[in-house]
Amino acid sequence: MAPAAAQTPYPDKPVTLVVPFAAGGPTDVVARMLAIPMGKSLGQSVLVENTVGAGGTIAATKVARAAPNGYTLFIHHMGMSTAPALYKKLSFDPMKDYEYIGQVVDVPMTLLARKDFPPANYKELEAYVRANKDKVSLANAGLGAVSHLCGLLFMSQIGVELNTIPYKGTGPAMNDLLGGQVDLLCDQTTQTVPMIKDGRVKVYGVTTLKRLDALPNVPTLDEQGLKGFEVKVWHGLYAPKGTPAPVLEKINVALRAALADPMVKTRLAELSSDIPPSDKLTPAGLKNHLEAEIAKWGPVIKKAGIYAD
């Protein structure tokens, strides 16, 4: 009887990393930052493929249906946790259709206002919006965008409904904030830190539970009274359900190596982004975090009565 052919070691060809958003966006930037060092660790190129549309659900469905062999990976932000509530009909299940590799990076957010908005600090802001709720406008980057969700959580916690104005992306929303056409906006530090430091916008707080090194004098919203208020644009790395455990382990090792790369660490620090703690860079860490985020955002979205389909 002839001996069985030796199984080809993984990987023996390039690996595709699917990004659910357009090239140049925050998630794409993170993916391309990781691709080269991950490729070095794996011994094969990691090719970034942008599959856009429907808030990331087209890409998520594509990966869920891909061959579970480790050659198709998926990076997505917190949209994986909000999709079950945002879509009445969802063609994938975040908790059933994937293998989890690990969290990737966390990008904090800031609560901003046009620079001439009257309240001088967060305490004054809360009093002001309560007294002028019909006049205050809260911009966002579109239905289901992280800026939209951050605004929903803010309104939910203070118990006030404001006039929300959706834009097609954070760029035009920020332009109107800078121009004074809208009053408030939640946005990622990758865009807002330079504007805050230059005094082009007024900042009322950061959305993390501890202050940011890049903005040490800006209090958290949590410490100013919004207990437990935390919105971070966290990212996770996934593979199709059924991908073999040894393959997942190799990918996890490559992810850890990429996040330990000095150039990656420096670049992420410049973007005010955080590498999650070691226990989050694991399959269990990502799975548990995703489950907790689904439980957190589901009630907020359902209370608002919004759907993306």
# chains A, B, ... in the order shown; residues from 1 in each chain; ligands from 1

call {"tool": "select_by_dssp", "arguments": {"residues": "region 29-204 of chain A", "states": "strand (DSSP E)", "output": "PyMOL selection string"}}
result
chain A and resi 46-50+72-76+98-114+137-140+163-166+184-188+201-204

call {"tool": "residues_around", "arguments": {"residues": "region 112-123 of chain A", "least_positions_apart": "2", "cutoff": "8 Å", "atoms": "only C-alpha atoms", "output": "compact mmCIF listing (two decimals) with N, CA, C and O atoms, in the first residue's frame"}}
result
# COMPACT_ATOMS: atom_id res chain seq x y z
N THR A 110 -14.05 60.85 20.01
CA THR A 110 -14.16 62.09 20.77
C THR A 110 -15.52 62.71 20.52
O THR A 110 -16.07 62.59 19.42
N LEU A 125 -22.43 71.44 28.69
CA LEU A 125 -23.00 70.86 27.47
C LEU A 125 -24.28 70.10 27.78
O LEU A 125 -25.29 70.28 27.09
N GLU A 126 -24.25 69.25 28.80
CA GLU A 126 -25.43 68.45 29.12
C GLU A 126 -26.61 69.34 29.50
O GLU A 126 -27.74 69.11 29.06
N ALA A 127 -26.34 70.37 30.28
CA ALA A 127 -27.41 71.30 30.66
C ALA A 127 -27.94 72.04 29.44
O ALA A 127 -29.15 72.25 29.29
N TYR A 128 -27.04 72.41 28.54
CA TYR A 128 -27.41 73.18 27.35
C TYR A 128 -28.30 72.35 26.42
O TYR A 128 -29.32 72.84 25.93
N LEU A 177 -19.18 70.68 10.46
CA LEU A 177 -18.90 71.06 11.85
C LEU A 177 -17.89 72.20 11.86
O LEU A 177 -18.06 73.19 12.59
N LEU A 178 -16.84 72.08 11.07
CA LEU A 178 -15.82 73.13 10.99
C LEU A 178 -16.43 74.43 10.46
O LEU A 178 -16.02 75.52 10.85
N GLY A 179 -17.41 74.30 9.57
CA GLY A 179 -18.04 75.49 8.99
C GLY A 179 -19.16 76.06 9.84
O GLY A 179 -19.73 77.10 9.50
N GLY A 180 -19.49 75.37 10.96
CA GLY A 180 -20.50 75.88 11.86
C GLY A 180 -21.93 75.56 11.46
O GLY A 180 -22.88 76.09 12.06
N VAL A 182 -23.37 72.55 11.72
CA VAL A 182 -23.92 71.62 12.71
C VAL A 182 -23.21 71.86 14.04
O VAL A 182 -22.13 72.47 14.09
N ASP A 183 -23.82 71.34 15.11
CA ASP A 183 -23.30 71.64 16.45
C ASP A 183 -22.36 70.58 17.02
O ASP A 183 -21.32 70.91 17.59
N LEU A 184 -22.76 69.29 16.91
CA LEU A 184 -22.04 68.22 17.58
C LEU A 184 -21.70 67.10 16.62
O LEU A 184 -22.39 66.87 15.63
N LEU A 185 -20.65 66.34 16.97
CA LEU A 185 -20.24 65.19 16.18
C LEU A 185 -19.35 64.28 17.02
O LEU A 185 -18.46 64.77 17.74
N CYS A 186 -19.58 62.96 16.94
CA CYS A 186 -18.63 61.98 17.47
C CYS A 186 -17.74 61.54 16.32
O CYS A 186 -18.25 61.19 15.25
N ASP A 187 -16.43 61.54 16.51
CA ASP A 187 -15.55 61.08 15.42
C ASP A 187 -14.27 60.47 15.99
O ASP A 187 -13.89 60.72 17.13
N GLY A 199 -7.25 73.76 17.86
CA GLY A 199 -8.35 74.60 18.30
C GLY A 199 -9.43 74.84 17.26
O GLY A 199 -10.23 75.78 17.37
N ARG A 200 -9.47 73.97 16.24
CA ARG A 200 -10.48 74.15 15.19
C ARG A 200 -11.84 73.61 15.61
O ARG A 200 -12.86 73.92 14.98
N VAL A 201 -11.86 72.77 16.63
CA VAL A 201 -13.11 72.24 17.18
C VAL A 201 -13.03 72.30 18.70
O VAL A 201 -11.96 72.43 19.28
N LYS A 202 -14.19 72.21 19.34
CA LYS A 202 -14.25 72.16 20.80
C LYS A 202 -14.49 70.71 21.20
O LYS A 202 -15.33 70.03 20.61
N VAL A 203 -13.75 70.22 22.18
CA VAL A 203 -13.88 68.82 22.60
C VAL A 203 -14.46 68.77 24.02
O VAL A 203 -14.05 69.53 24.89
N TYR A 204 -15.41 67.85 24.20
CA TYR A 204 -16.05 67.70 25.51
C TYR A 204 -15.65 66.42 26.23
O TYR A 204 -15.94 66.28 27.42
N GLY A 205 -15.02 65.50 25.54
CA GLY A 205 -14.59 64.28 26.20
C GLY A 205 -14.19 63.21 25.22
O GLY A 205 -14.50 63.28 24.02
N LEU A 221 -15.65 60.85 29.06
CA LEU A 221 -17.06 61.09 29.35
C LEU A 221 -17.48 60.32 30.59
O LEU A 221 -18.33 60.76 31.36
N GLN A 224 -16.81 62.18 33.69
CA GLN A 224 -17.62 63.39 33.79
C GLN A 224 -19.10 63.09 34.03
O GLN A 224 -19.92 64.00 33.99

call {"tool": "residues_around", "arguments": {"residues": "Pro216 (chain A)", "least_positions_apart": "5", "cutoff": "12 Å", "atoms": "only C-alpha atoms", "output": "list in words"}}
result
Val193, Ile196, Lys197, Gly205, Val206, Lys210, Arg211 and Ser272 of chain A

call {"tool": "write_last_selection", "arguments": {"atoms": "N, CA, C and O atoms", "output": "tab-separated table (two decimals), in the first residue's frame"}}
result
chain	number	residue	atom	x	y	z
A	193	VAL	N	-7.71	64.37	16.48
A	193	VAL	CA	-6.63	64.85	17.37
A	193	VAL	C	-5.96	66.11	16.83
A	193	VAL	O	-5.79	67.10	17.57
A	196	ILE	N	-8.33	69.08	17.29
A	196	ILE	CA	-8.47	69.47	18.70
A	196	ILE	C	-7.25	70.28	19.15
A	196	ILE	O	-7.38	71.34	19.77
A	197	LYS	N	-6.07	69.80	18.78
A	197	LYS	CA	-4.84	70.48	19.19
A	197	LYS	C	-4.71	71.85	18.54
A	197	LYS	O	-4.13	72.77	19.12
A	205	GLY	N	-15.02	65.50	25.54
A	205	GLY	CA	-14.59	64.28	26.20
A	205	GLY	C	-14.19	63.21	25.22
A	205	GLY	O	-14.50	63.28	24.02
A	206	VAL	N	-13.45	62.22	25.73
A	206	VAL	CA	-13.08	61.06	24.93
A	206	VAL	C	-13.95	59.88	25.37
A	206	VAL	O	-14.47	59.84	26.49
A	210	LYS	N	-10.30	55.46	30.07
A	210	LYS	CA	-9.14	56.17	30.63
A	210	LYS	C	-8.70	57.21	29.61
A	210	LYS	O	-8.97	57.08	28.41
A	211	ARG	N	-8.03	58.24	30.09
A	211	ARG	CA	-7.63	59.32	29.21
A	211	ARG	C	-6.60	58.84	28.17
A	211	ARG	O	-5.89	57.86	28.38
A	272	SER	N	-3.27	57.55	17.42
A	272	SER	CA	-3.97	57.47	18.71
A	272	SER	C	-4.78	56.18	18.84
A	272	SER	O	-5.85	56.16	19.44

call {"tool": "closest_residue", "arguments": {"among": "A:Leu212, A:Ala239, A:Leu143, A:Val247", "to": "Asp97 (chain A)", "atoms": "only C-alpha atoms"}}
result
A:Ala239

call {"tool": "closest_residue", "arguments": {"among": "A:Ala145, A:Ile301, A:Ile58, A:Leu255", "to": "Ile101 (chain A)", "atoms": "only C-alpha atoms"}}
result
A:Leu255

call {"tool": "residues_around", "arguments": {"residues": "Pro9 (chain A)", "least_positions_apart": "4", "cutoff": "12 Å", "atoms": "only C-alpha atoms", "output": "ChimeraX atom specification"}}
result
/A:5,13,42-44,69-70,246-247,250

call {"tool": "write_last_selection", "arguments": {"atoms": "C-alpha atoms", "output": "PDB file, in the first residue's frame"}}
result
ATOM      1  CA  ALA A   5       0.801  11.936   0.417  1.00  0.00           C
ATOM      2  CA  LYS A  13       0.160  30.429  -1.648  1.00  0.00           C
ATOM      3  CA  LEU A  42       3.502  33.380   7.339  1.00  0.00           C
ATOM      4  CA  GLY A  43       6.101  33.192   4.567  1.00  0.00           C
ATOM      5  CA  GLN A  44       3.514  34.198   1.946  1.00  0.00           C
ATOM      6  CA  ASN A  69      -8.729  26.695   4.455  1.00  0.00           C
ATOM      7  CA  GLY A  70      -7.034  29.806   5.851  1.00  0.00           C
ATOM      8  CA  PRO A 246      -3.471  24.532  13.379  1.00  0.00           C
ATOM      9  CA  VAL A 247      -4.085  27.027  10.570  1.00  0.00           C
ATOM     10  CA  LYS A 250      -0.436  30.130  12.577  1.00  0.00           C
TER      11      LYS A 250
END

call {"tool": "residues_around", "arguments": {"residues": "Met33 (chain A)", "least_positions_apart": "6", "cutoff": "9 Å", "atoms": "only C-alpha atoms", "output": "list in words"}}
result
Ala258, Val264 and Arg267 of chain A

call {"tool": "closest_residue", "arguments": {"among": "A:Met195, A:Leu17, A:Ala139, A:Leu111", "to": "Thr170 (chain A)", "atoms": "only C-alpha atoms"}}
result
A:Ala139

call {"tool": "closest_residue", "arguments": {"among": "A:Ser147, A:Asn50, A:Ser81, A:Thr266", "to": "Lys287 (chain A)", "atoms": "only C-alpha atoms"}}
result
A:Ser81

call {"tool": "atom_distance", "arguments": {"atom1": "CA of Val218 (chain A)", "atom2": "CA of Lys265 (chain A)"}}
result
23.0 Å

call {"tool": "residues_around", "arguments": {"residues": "Ser91 (chain A)", "least_positions_apart": "5", "cutoff": "12 Å", "atoms": "only C-alpha atoms", "output": "list in words"}}
result
Ala54, Gly56, Thr57, Ile58, Ala59, Ala60, Thr61, Lys62, Val63, Ala64, Arg65, Ala83, Pro84, Lys96, Asp97 and Asp309 of chain A

call {"tool": "closest_residue", "arguments": {"among": "A:Leu268, A:Met78, A:Ile306, A:Ala22", "to": "Pro94 (chain A)", "atoms": "only C-alpha atoms"}}
result
A:Met78

call {"tool": "decode", "arguments": {"residues": "region 33-48 of chain A", "atoms": "all heavy atoms", "output": "PDB file, in the first residue's frame"}}
result
ATOM      1  N   MET A  33      -1.546  48.040   6.948  1.00  0.00           N
ATOM      2  CA  MET A  33      -0.468  48.152   7.915  1.00  0.00           C
ATOM      3  C   MET A  33      -0.018  46.775   8.414  1.00  0.00           C
ATOM      4  O   MET A  33       1.161  46.519   8.642  1.00  0.00           O
ATOM      5  CB  MET A  33      -0.955  49.008   9.099  1.00  0.00           C
ATOM      6  CG  MET A  33       0.143  49.596   9.958  1.00  0.00           C
ATOM      7  SD  MET A  33      -0.570  50.477  11.367  1.00  0.00           S
ATOM      8  CE  MET A  33      -1.671  51.637  10.559  1.00  0.00           C
ATOM      9  N   LEU A  34      -1.000  45.874   8.567  1.00  0.00           N
ATOM     10  CA  LEU A  34      -0.715  44.542   9.101  1.00  0.00           C
ATOM     11  C   LEU A  34      -0.273  43.558   8.029  1.00  0.00           C
ATOM     12  O   LEU A  34       0.404  42.564   8.328  1.00  0.00           O
ATOM     13  CB  LEU A  34      -1.963  43.977   9.787  1.00  0.00           C
ATOM     14  CG  LEU A  34      -2.471  44.714  11.021  1.00  0.00           C
ATOM     15  CD1 LEU A  34      -3.761  44.081  11.507  1.00  0.00           C
ATOM     16  CD2 LEU A  34      -1.435  44.697  12.132  1.00  0.00           C
ATOM     17  N   ALA A  35      -0.674  43.788   6.773  1.00  0.00           N
ATOM     18  CA  ALA A  35      -0.489  42.793   5.720  1.00  0.00           C
ATOM     19  C   ALA A  35       0.973  42.401   5.521  1.00  0.00           C
ATOM     20  O   ALA A  35       1.299  41.203   5.429  1.00  0.00           O
ATOM     21  CB  ALA A  35      -1.090  43.304   4.413  1.00  0.00           C
ATOM     22  N   ILE A  36       1.862  43.369   5.448  1.00  0.00           N
ATOM     23  CA  ILE A  36       3.266  43.059   5.159  1.00  0.00           C
ATOM     24  C   ILE A  36       3.920  42.284   6.307  1.00  0.00           C
ATOM     25  O   ILE A  36       4.515  41.223   6.078  1.00  0.00           O
ATOM     26  CB  ILE A  36       4.047  44.344   4.821  1.00  0.00           C
ATOM     27  CG1 ILE A  36       3.548  44.912   3.486  1.00  0.00           C
ATOM     28  CG2 ILE A  36       5.547  44.061   4.751  1.00  0.00           C
ATOM     29  CD1 ILE A  36       4.177  46.225   3.093  1.00  0.00           C
ATOM     30  N   PRO A  37       3.829  42.744   7.572  1.00  0.00           N
ATOM     31  CA  PRO A  37       4.448  41.954   8.650  1.00  0.00           C
ATOM     32  C   PRO A  37       3.783  40.588   8.857  1.00  0.00           C
ATOM     33  O   PRO A  37       4.456  39.622   9.216  1.00  0.00           O
ATOM     34  CB  PRO A  37       4.321  42.848   9.880  1.00  0.00           C
ATOM     35  CG  PRO A  37       3.275  43.852   9.553  1.00  0.00           C
ATOM     36  CD  PRO A  37       3.336  44.046   8.075  1.00  0.00           C
ATOM     37  N   MET A  38       2.467  40.484   8.630  1.00  0.00           N
ATOM     38  CA  MET A  38       1.824  39.174   8.730  1.00  0.00           C
ATOM     39  C   MET A  38       2.345  38.246   7.639  1.00  0.00           C
ATOM     40  O   MET A  38       2.579  37.056   7.864  1.00  0.00           O
ATOM     41  CB  MET A  38       0.300  39.310   8.625  1.00  0.00           C
ATOM     42  CG  MET A  38      -0.377  39.786   9.889  1.00  0.00           C
ATOM     43  SD  MET A  38      -2.199  39.730   9.787  1.00  0.00           S
ATOM     44  CE  MET A  38      -2.488  37.957   9.763  1.00  0.00           C
ATOM     45  N   GLY A  39       2.536  38.799   6.447  1.00  0.00           N
ATOM     46  CA  GLY A  39       3.068  38.014   5.346  1.00  0.00           C
ATOM     47  C   GLY A  39       4.467  37.492   5.641  1.00  0.00           C
ATOM     48  O   GLY A  39       4.802  36.348   5.313  1.00  0.00           O
ATOM     49  N   LYS A  40       5.279  38.328   6.261  1.00  0.00           N
ATOM     50  CA  LYS A  40       6.637  37.894   6.628  1.00  0.00           C
ATOM     51  C   LYS A  40       6.583  36.718   7.597  1.00  0.00           C
ATOM     52  O   LYS A  40       7.345  35.765   7.477  1.00  0.00           O
ATOM     53  CB  LYS A  40       7.402  39.059   7.250  1.00  0.00           C
ATOM     54  CG  LYS A  40       7.809  40.137   6.260  1.00  0.00           C
ATOM     55  CD  LYS A  40       8.547  41.268   6.957  1.00  0.00           C
ATOM     56  CE  LYS A  40       8.948  42.360   5.964  1.00  0.00           C
ATOM     57  NZ  LYS A  40       9.631  43.500   6.659  1.00  0.00           N
ATOM     58  N   SER A  41       5.676  36.796   8.548  1.00  0.00           N
ATOM     59  CA  SER A  41       5.548  35.725   9.535  1.00  0.00           C
ATOM     60  C   SER A  41       5.037  34.436   8.896  1.00  0.00           C
ATOM     61  O   SER A  41       5.505  33.341   9.217  1.00  0.00           O
ATOM     62  CB  SER A  41       4.605  36.158  10.660  1.00  0.00           C
ATOM     63  OG  SER A  41       4.426  35.127  11.606  1.00  0.00           O
ATOM     64  N   LEU A  42       4.104  34.558   7.975  1.00  0.00           N
ATOM     65  CA  LEU A  42       3.502  33.380   7.339  1.00  0.00           C
ATOM     66  C   LEU A  42       4.374  32.813   6.225  1.00  0.00           C
ATOM     67  O   LEU A  42       4.214  31.653   5.834  1.00  0.00           O
ATOM     68  CB  LEU A  42       2.129  33.740   6.764  1.00  0.00           C
ATOM     69  CG  LEU A  42       1.014  34.024   7.769  1.00  0.00           C
ATOM     70  CD1 LEU A  42      -0.209  34.613   7.063  1.00  0.00           C
ATOM     71  CD2 LEU A  42       0.629  32.746   8.527  1.00  0.00           C
ATOM     72  N   GLY A  43       5.270  33.647   5.681  1.00  0.00           N
ATOM     73  CA  GLY A  43       6.101  33.192   4.567  1.00  0.00           C
ATOM     74  C   GLY A  43       5.388  33.272   3.232  1.00  0.00           C
ATOM     75  O   GLY A  43       5.841  32.694   2.246  1.00  0.00           O
ATOM     76  N   GLN A  44       4.270  33.977   3.176  1.00  0.00           N
ATOM     77  CA  GLN A  44       3.514  34.198   1.946  1.00  0.00           C
ATOM     78  C   GLN A  44       2.926  35.609   1.979  1.00  0.00           C
ATOM     79  O   GLN A  44       2.689  36.164   3.043  1.00  0.00           O
ATOM     80  CB  GLN A  44       2.378  33.185   1.803  1.00  0.00           C
ATOM     81  CG  GLN A  44       2.810  31.771   1.497  1.00  0.00           C
ATOM     82  CD  GLN A  44       3.274  31.584   0.062  1.00  0.00           C
ATOM     83  OE1 GLN A  44       3.051  32.434  -0.798  1.00  0.00           O
ATOM     84  NE2 GLN A  44       3.919  30.455  -0.201  1.00  0.00           N
ATOM     85  N   SER A  45       2.678  36.153   0.822  1.00  0.00           N
ATOM     86  CA  SER A  45       2.085  37.487   0.755  1.00  0.00           C
ATOM     87  C   SER A  45       0.664  37.476   1.311  1.00  0.00           C
ATOM     88  O   SER A  45      -0.067  36.502   1.143  1.00  0.00           O
ATOM     89  CB  SER A  45       2.034  37.978  -0.691  1.00  0.00           C
ATOM     90  OG  SER A  45       3.343  38.096  -1.231  1.00  0.00           O
ATOM     91  N   VAL A  46       0.296  38.557   1.973  1.00  0.00           N
ATOM     92  CA  VAL A  46      -1.080  38.776   2.394  1.00  0.00           C
ATOM     93  C   VAL A  46      -1.623  39.906   1.527  1.00  0.00           C
ATOM     94  O   VAL A  46      -1.138  41.040   1.592  1.00  0.00           O
ATOM     95  CB  VAL A  46      -1.170  39.139   3.888  1.00  0.00           C
ATOM     96  CG1 VAL A  46      -2.606  39.493   4.263  1.00  0.00           C
ATOM     97  CG2 VAL A  46      -0.675  37.984   4.748  1.00  0.00           C
ATOM     98  N   LEU A  47      -2.605  39.580   0.694  1.00  0.00           N
ATOM     99  CA  LEU A  47      -3.145  40.520  -0.271  1.00  0.00           C
ATOM    100  C   LEU A  47      -4.444  41.124   0.250  1.00  0.00           C
ATOM    101  O   LEU A  47      -5.358  40.389   0.635  1.00  0.00           O
ATOM    102  CB  LEU A  47      -3.410  39.811  -1.598  1.00  0.00           C
ATOM    103  CG  LEU A  47      -2.227  39.019  -2.178  1.00  0.00           C
ATOM    104  CD1 LEU A  47      -2.654  38.291  -3.444  1.00  0.00           C
ATOM    105  CD2 LEU A  47      -1.042  39.934  -2.458  1.00  0.00           C
ATOM    106  N   VAL A  48      -4.536  42.431   0.279  1.00  0.00           N
ATOM    107  CA  VAL A  48      -5.737  43.111   0.762  1.00  0.00           C
ATOM    108  C   VAL A  48      -6.729  43.242  -0.389  1.00  0.00           C
ATOM    109  O   VAL A  48      -6.392  43.712  -1.470  1.00  0.00           O
ATOM    110  CB  VAL A  48      -5.400  44.494   1.335  1.00  0.00           C
ATOM    111  CG1 VAL A  48      -6.670  45.251   1.707  1.00  0.00           C
ATOM    112  CG2 VAL A  48      -4.489  44.351   2.550  1.00  0.00           C
TER     113      VAL A  48
END
